[in-house]
Amino acid sequence: MTNHWKDIKNADVVLVMGANPAENHPCGFKWALEARDENGATLVTIDPRYTRTSAVADKHLQIRPGSDIAILGGLIRHMLANDLHHADYVRAHTNASFIVSGDFGFEDGLFSGFDEAASRYDKTSWQYEMAPDGFVRRDMTLEDPRCAFQLLKTHYERYTPAMVAQIAGCSEEKFLEMADIICSTGRADRVGTIMYAVGWTMHTVGSQIIRTGAIVQLLLGNIGRPGGGINALRGHANVQGATDHAIVAGILPGYLRVPTPEQATLQDHLEASTPKPLVEGTVNYWGNYPKFLVSQLKAWFGDSATAANEFGYQFLGKQDGDATWLSIWDEAHQGRLEGFVTLGFNPLLAGPDVPRLLQSMSRLKWMAVIDPFLLDSAEFWRAPGMDPAEVQTEVMYMPTTHWIERDGSFTNSGRWAQWKEKAIDPPDGVRSDTWILSELFWRVKELYQQEGGAYNEPIQNLTWNYLNPREPTLPELAKEINGYDRATGQLLDSFAQLTADGATSSGNWIYAGSYTEAGNMMARRGTDDPTGLGMHHDWTWSWPLNRRVLYNRASADAEGRPWDQTRAGIAWNGREWIGDVPDYGRTTPPGGPGAFIMTEEGVARLFSSALADGPLSEHYEPVESPTTNALHEAVAVNPVINWYDGVRETLASEGDDFPYACTVYRVVEHEHFVTLNVPLLVEAMPDFFVEIPEGLAAEKGIENGGRARVWSKRGEVEGVAIVTKRIKPLMVNGQTVWTVGIPVHWGFVGATRGSMANLLTPYVGDANTRCPEFKAFLVNVERAEPLST
Amino acid sequence: MSMSRRTFLKASVAGGVGISALGFDLRPAYAAVRQLKIRNAREYKTVCPYCAVGCGTIAYVHGSGGLNTTNTIIHVEGDPDSPINGGTLCPKGASQMQLAISPRLRKSPMYREAGSSEWREVDWDFAMEWFARKFKESRDNTFIEQDTQGRTVNRTNGVAWVGSATVANEDAYLITKTMRAMGLTYIDHQARI
């Protein structure tokens, strides 16, 4: 989240799209209700289903799964055609005025630079045009046809209400009603927020859906402001923190980059990773990248990291190409991955195309599963349809502690790192994650010392200065993450103190300030709220530097006056910025550097060359779609997604009979799979079910409470039929489209058992993140016979 | 006879006296308020383990807290001080004590041999010996010091680590630090899927 949970109460309009927080984040969602009830806000939902969030919303728009960019593109067109955007904000705080290369273009579904053979874009033509002074050329009138604002306007011109309706299956009138509500915040005295979740990310165009949402919010002037922002609602207690600390392919803690093979030296890596300012005087905070990386290497390799050995840069593995989930399991599918370790996770139920995943798991030599519960993943060798005798994979299951048996911090969606106290001891026989990891580290290190083996200098030189090296305490680790002045041994207060010469260490620069000489900031429980905006700066600690709203310089105009005095993020009082912890220097007067300190432009990007699939977004159909692409039939799906071997054959194709759209979701009683171990929740929601629209059910002879079978090209599920009014048939491209809904929570090991939703889903991911397309695919449906009693 | 609230109360008091005349003095029993079950419990401020709203919770624990005592969790409720949830919890959060003490929690490592259809309980020394041995073997088998173009890469693509979005930040950091030092690049967690 750019903002945080309680901040939602400050909004005038709350758009929930690609999320269902009333069901999946109930206690956070109450701030949306607070906005509605106390602030007169309008709450709206856009979703393929009439959700529990829709049930308390002022207005709901039902759309076809996978049509999000059409809707958001339609919003952009609507606000620009009717001058509903926040013009002063756009001019001051975005790259609307930046001139783009004359070679940029878009035609028949493809941006300029498409390399068909490689299925990728050459981004040269997406770059800005540079002036002789070495900085970007700008046109502050925003009239130059090659400025980002005009390119944006032209690009989305095609997203007329009629086109939106044709693609998404809604009516033009209902879309326009919705558009007017959302676009009503394009003024200084109004502000709107977007709440989204995996309903946006889990598509082959997921990153571009989110970017389009960000463009909408920038045009409306809603980023950086209390009550605004673009807010990802995360689904596990510490998804945010595990991402910040980079249990993630391609990044190191604090969003630093994993070195690549062409970056032979530390210098090469730093040059490639440290952006140069594109506008004179911009803060360009990533310009400090060398300080962050060198301090991290010092935290990891301590005295073994010196200027002479590039601070241990060569100790880091250099990654070539993608290393995310789909690629990992593809490597296993091809028989090249030997071992797989999973901790606090149930991969078999979580990944797409379970039949393929079972094949991949069977080709591993070994698997280690570390979790408080015995998971379906640990027992994949006896999953339905598997013959254990044929699975040669060795499996070790290790029981570990869970949250209440340990202290440590969780970072919530709003970036608040909240320290928790240990309440009870683990049962005899159970070990902590930290113990298991330390034991693995020491035993591997000792085996290398005894026997030698592949390059193991990084293992031998890894810093492990903990009081009990076989089980470090979490406060020790929290301090290492925060960082030290290595000369004095004092904990740092801020990442501003970091240096690139090895004098400081910090395991994760964005957490610098979380555990200082004044104590553990994450353990604070102060409840004061002097701003009245719900910022609560004394309650735990948020990254970065306890800032509660990211990009908060943009909450004020060019002169430092809040756009809205009643909801001031920060304000310039003539001497300093007051309010939230400012992202601009506390005493830097307004009028200097641009508001968006993290970008080399100093402003936010309406037009950006950062993504793989276009500097602006475009509607592409899901890889399995019930219809053609109404904008460009020849380029129906995202042209730069990666196709793993054999995957095209697992998709519905011409002549197959999979006429219905399908989407997956959670219910309030369950959190993925772990709740199948909780008796009360199992009792409350015991059975797998299939949600089928009334008309379709009637056509198929399926009764409410009866049973239905749903199958895709990859697998099939069967369960109780819930015949619903919550999903209506939609008229898409002149034909009726039905959508079926499937909950994700069941497997074959829990206290209650049921079909795995991912038996159905396709093995294909977003062009940037490779987040799989769980949210839109094709199935067929039929009545199933009642279970015999 | 119609009875006002006042006369009813008077009658009740008279009745009470009458009963005590039978040899029971019920006044202490009337006076005693039932004790809350959390009365002697210690409170721990923690955070809900489910979604990422981050609801503040209070865990109530019985037991002296001494090193040789067993602590028992008796209740978990929303923390009314939390500016996020203000004491509220959803159905999952409200039943989290059942997660904490679920009878399905496991207490011992288990090993499944290749081709076997059964688990076998093993001790931690066996488990960790196996784990370290397999990890090193696969790392050694698949380690790449230089790629086909002769560039130093120092990585293994033969072992993957996945998870978790459910561990504390401090463990998440230690996982990344250790696995990157081991040369793994196949590292991912729930944020992807």
# chains A, B, ... in the order shown; residues from 1 in each chain; ligands from 1

call {"tool": "residues_around", "arguments": {"residues": "Arg49 (chain A)", "least_positions_apart": "2", "cutoff": "6 Å", "atoms": "only C-alpha atoms", "output": "JSON, numbers by chain"}}
result
{"A": [47, 51, 726, 727]}

call {"tool": "write_last_selection", "arguments": {"atoms": "C-alpha atoms", "output": "tab-separated table (two decimals), in the first residue's frame"}}
result
chain	number	residue	atom	x	y	z
A	47	ASP	CA	-15.73	-7.27	-10.05
A	51	THR	CA	-19.15	-9.90	-3.65
A	726	ARG	CA	-24.31	-13.08	-7.71
A	727	ILE	CA	-22.95	-13.68	-11.21

call {"tool": "residues_around", "arguments": {"residues": "Ala19 (chain A)", "least_positions_apart": "5", "cutoff": "9 Å", "atoms": "only C-alpha atoms", "output": "JSON, numbers by chain"}}
result
{"A": [24, 45, 46, 47, 53, 195, 196, 197, 198, 199, 200, 232, 233]}

call {"tool": "select_by_dssp", "arguments": {"residues": "region 523-654 of chain A", "states": "strand (DSSP E or B)", "output": "JSON, numbers by chain"}}
result
{"A": [525, 539, 541, 542, 556, 562, 570, 571, 572, 577, 578, 579, 604, 621, 637]}

call {"tool": "residues_around", "arguments": {"residues": "region 26-40 of chain A", "least_positions_apart": "3", "cutoff": "6 Å", "atoms": "only C-alpha atoms", "output": "ChimeraX atom specification"}}
result
/A:5-6,8-9,21-23 /B:53,85

call {"tool": "write_last_selection", "arguments": {"atoms": "C-alpha atoms", "output": "compact mmCIF listing (two decimals), in the first residue's frame"}}
result
# COMPACT_ATOMS: atom_id res chain seq x y z
CA TRP A 5 -5.41 0.71 6.50
CA LYS A 6 -6.73 3.46 8.75
CA ILE A 8 -8.81 4.71 3.99
CA LYS A 9 -11.21 6.54 6.30
CA PRO A 21 -11.91 -6.97 1.42
CA ALA A 22 -15.26 -7.38 3.21
CA GLU A 23 -14.56 -11.11 2.92
CA VAL B 53 -4.27 -6.25 7.81
CA ASN B 85 -8.50 -3.10 14.25

call {"tool": "residues_around", "arguments": {"residues": "Ala57 (chain A)", "least_positions_apart": "6", "cutoff": "8 Å", "atoms": "only C-alpha atoms", "output": "compact mmCIF listing (two decimals) with N, CA and C atoms, in the first residue's frame"}}
result
# COMPACT_ATOMS: atom_id res chain seq x y z
N THR A 42 -18.28 7.65 -1.12
CA THR A 42 -18.98 6.70 -1.97
C THR A 42 -18.09 5.48 -2.12
N LEU A 43 -18.68 4.31 -1.88
CA LEU A 43 -17.94 3.05 -1.95
C LEU A 43 -18.43 2.28 -3.16
N VAL A 44 -17.52 1.94 -4.06
CA VAL A 44 -17.93 1.24 -5.29
C VAL A 44 -17.06 0.01 -5.52
N THR A 45 -17.65 -1.00 -6.16
CA THR A 45 -16.90 -2.20 -6.50
C THR A 45 -17.02 -2.50 -8.00

call {"tool": "residues_around", "arguments": {"residues": "Tyr289 (chain A)", "least_positions_apart": "2", "cutoff": "12 Å", "atoms": "only C-alpha atoms", "output": "MDAnalysis selection string"}}
result
chainID A and resid 254:257 266:267 269:276 284:287 291:296 495:496 498:500 508:510 598

call {"tool": "write_last_selection", "arguments": {"atoms": "C-alpha atoms", "output": "CSV table (one decimal), in the first residue's frame"}}
result
chain,number,residue,atom,x,y,z
A,254,GLY,CA,15.4,-3.5,0.2
A,255,TYR,CA,14.6,-4.0,-3.5
A,256,LEU,CA,18.3,-4.1,-4.5
A,257,ARG,CA,19.1,-6.1,-7.5
A,266,LEU,CA,30.9,-4.6,-8.3
A,267,GLN,CA,31.5,-1.4,-10.3
A,269,HIS,CA,26.7,-3.8,-11.0
A,270,LEU,CA,26.6,-0.4,-9.3
A,271,GLU,CA,26.7,1.5,-12.6
A,272,ALA,CA,23.9,-0.6,-14.0
A,273,SER,CA,21.8,-0.3,-10.9
A,274,THR,CA,22.3,3.4,-10.0
A,275,PRO,CA,20.1,5.7,-12.0
A,276,LYS,CA,21.2,9.1,-13.2
A,284,ASN,CA,16.9,10.7,-7.5
A,285,TYR,CA,17.2,8.8,-4.2
A,286,TRP,CA,18.2,5.5,-5.9
A,287,GLY,CA,21.4,7.4,-6.7
A,291,LYS,CA,25.5,2.8,-0.1
A,292,PHE,CA,22.7,0.4,0.3
A,293,LEU,CA,24.4,-2.5,-1.4
A,294,VAL,CA,27.8,-2.1,0.2
A,295,SER,CA,26.2,-1.8,3.6
A,296,GLN,CA,24.2,-5.0,3.0
A,495,PHE,CA,19.5,5.1,6.0
A,496,ALA,CA,20.8,8.6,5.4
A,498,LEU,CA,24.8,4.7,5.3
A,499,THR,CA,28.0,4.9,3.3
A,500,ALA,CA,29.5,3.1,0.4
A,508,ASN,CA,18.0,-4.0,4.6
A,509,TRP,CA,18.3,-0.3,4.1
A,510,ILE,CA,14.5,0.4,4.1
A,598,MET,CA,12.6,7.9,-5.9

call {"tool": "closest_residue", "arguments": {"among": "B:Val76, B:Thr148, B:Ala59, B:Ala32", "to": "chain A", "atoms": "only C-alpha atoms"}}
result
B:Ala59

call {"tool": "residues_around", "arguments": {"residues": "Thr72 (chain B)", "least_positions_apart": "4", "cutoff": "8 Å", "atoms": "only C-alpha atoms", "output": "ChimeraX atom specification"}}
result
/A:424 /B:61-63

call {"tool": "closest_residue", "arguments": {"among": "A:Asn288, A:Lys420, A:Gly765, A:Trp325", "to": "Gln497 (chain A)", "atoms": "only C-alpha atoms"}}
result
A:Asn288

call {"tool": "select_by_dssp", "arguments": {"residues": "region 170-373 of chain A", "states": "helix (DSSP H, G or I)", "output": "PyMOL selection string"}}
result
chain A and resi 172-183+198-201+206-219+239-244+266-273+285-304+307-315+325-333+347-350+354-362

call {"tool": "residues_around", "arguments": {"residues": "region 158-174 of chain B", "least_positions_apart": "2", "cutoff": "6 Å", "atoms": "only C-alpha atoms", "output": "VMD selection string"}}
result
(chain A and resid 236 to 239 241 to 242 245 337 to 345 408 to 410 474 477 to 478) or (chain B and resid 142 156 176 to 178 186 to 190)

call {"tool": "write_last_selection", "arguments": {"atoms": "C-alpha atoms", "output": "compact mmCIF listing (two decimals), in the first residue's frame"}}
result
# COMPACT_ATOMS: atom_id res chain seq x y z
CA HIS A 236 -0.61 -13.38 4.29
CA ALA A 237 0.53 -11.89 7.58
CA ASN A 238 3.99 -11.10 6.27
CA VAL A 239 3.84 -11.08 2.47
CA GLY A 241 7.93 -8.25 4.93
CA ALA A 242 9.03 -11.41 3.15
CA HIS A 245 13.50 -9.01 2.82
CA LEU A 337 16.04 -29.34 -10.33
CA GLU A 338 17.32 -31.84 -7.76
CA GLY A 339 16.14 -30.45 -4.44
CA PHE A 340 13.26 -28.30 -3.27
CA VAL A 341 12.89 -26.73 0.16
CA THR A 342 9.66 -25.17 1.27
CA LEU A 343 8.97 -23.44 4.57
CA GLY A 344 5.62 -22.12 5.79
CA PHE A 345 4.02 -22.77 2.45
CA GLY A 408 9.70 -11.04 15.75
CA SER A 409 7.89 -8.67 13.45
CA PHE A 410 5.27 -8.92 10.72
CA LEU A 474 15.09 -12.36 16.52
CA LEU A 477 18.57 -10.25 13.63
CA ALA A 478 16.38 -7.14 13.81
CA THR B 142 24.75 -28.49 -10.04
CA THR B 156 23.31 -23.30 -8.33
CA THR B 176 17.65 -14.67 2.11
CA LYS B 177 21.09 -14.03 3.57
CA THR B 178 21.83 -17.75 3.95
CA TYR B 186 15.64 -20.01 -7.32
CA ILE B 187 14.13 -18.24 -4.32
CA ASP B 188 10.48 -17.20 -4.16
CA HIS B 189 7.43 -17.06 -1.89
CA GLN B 190 3.67 -16.56 -1.75
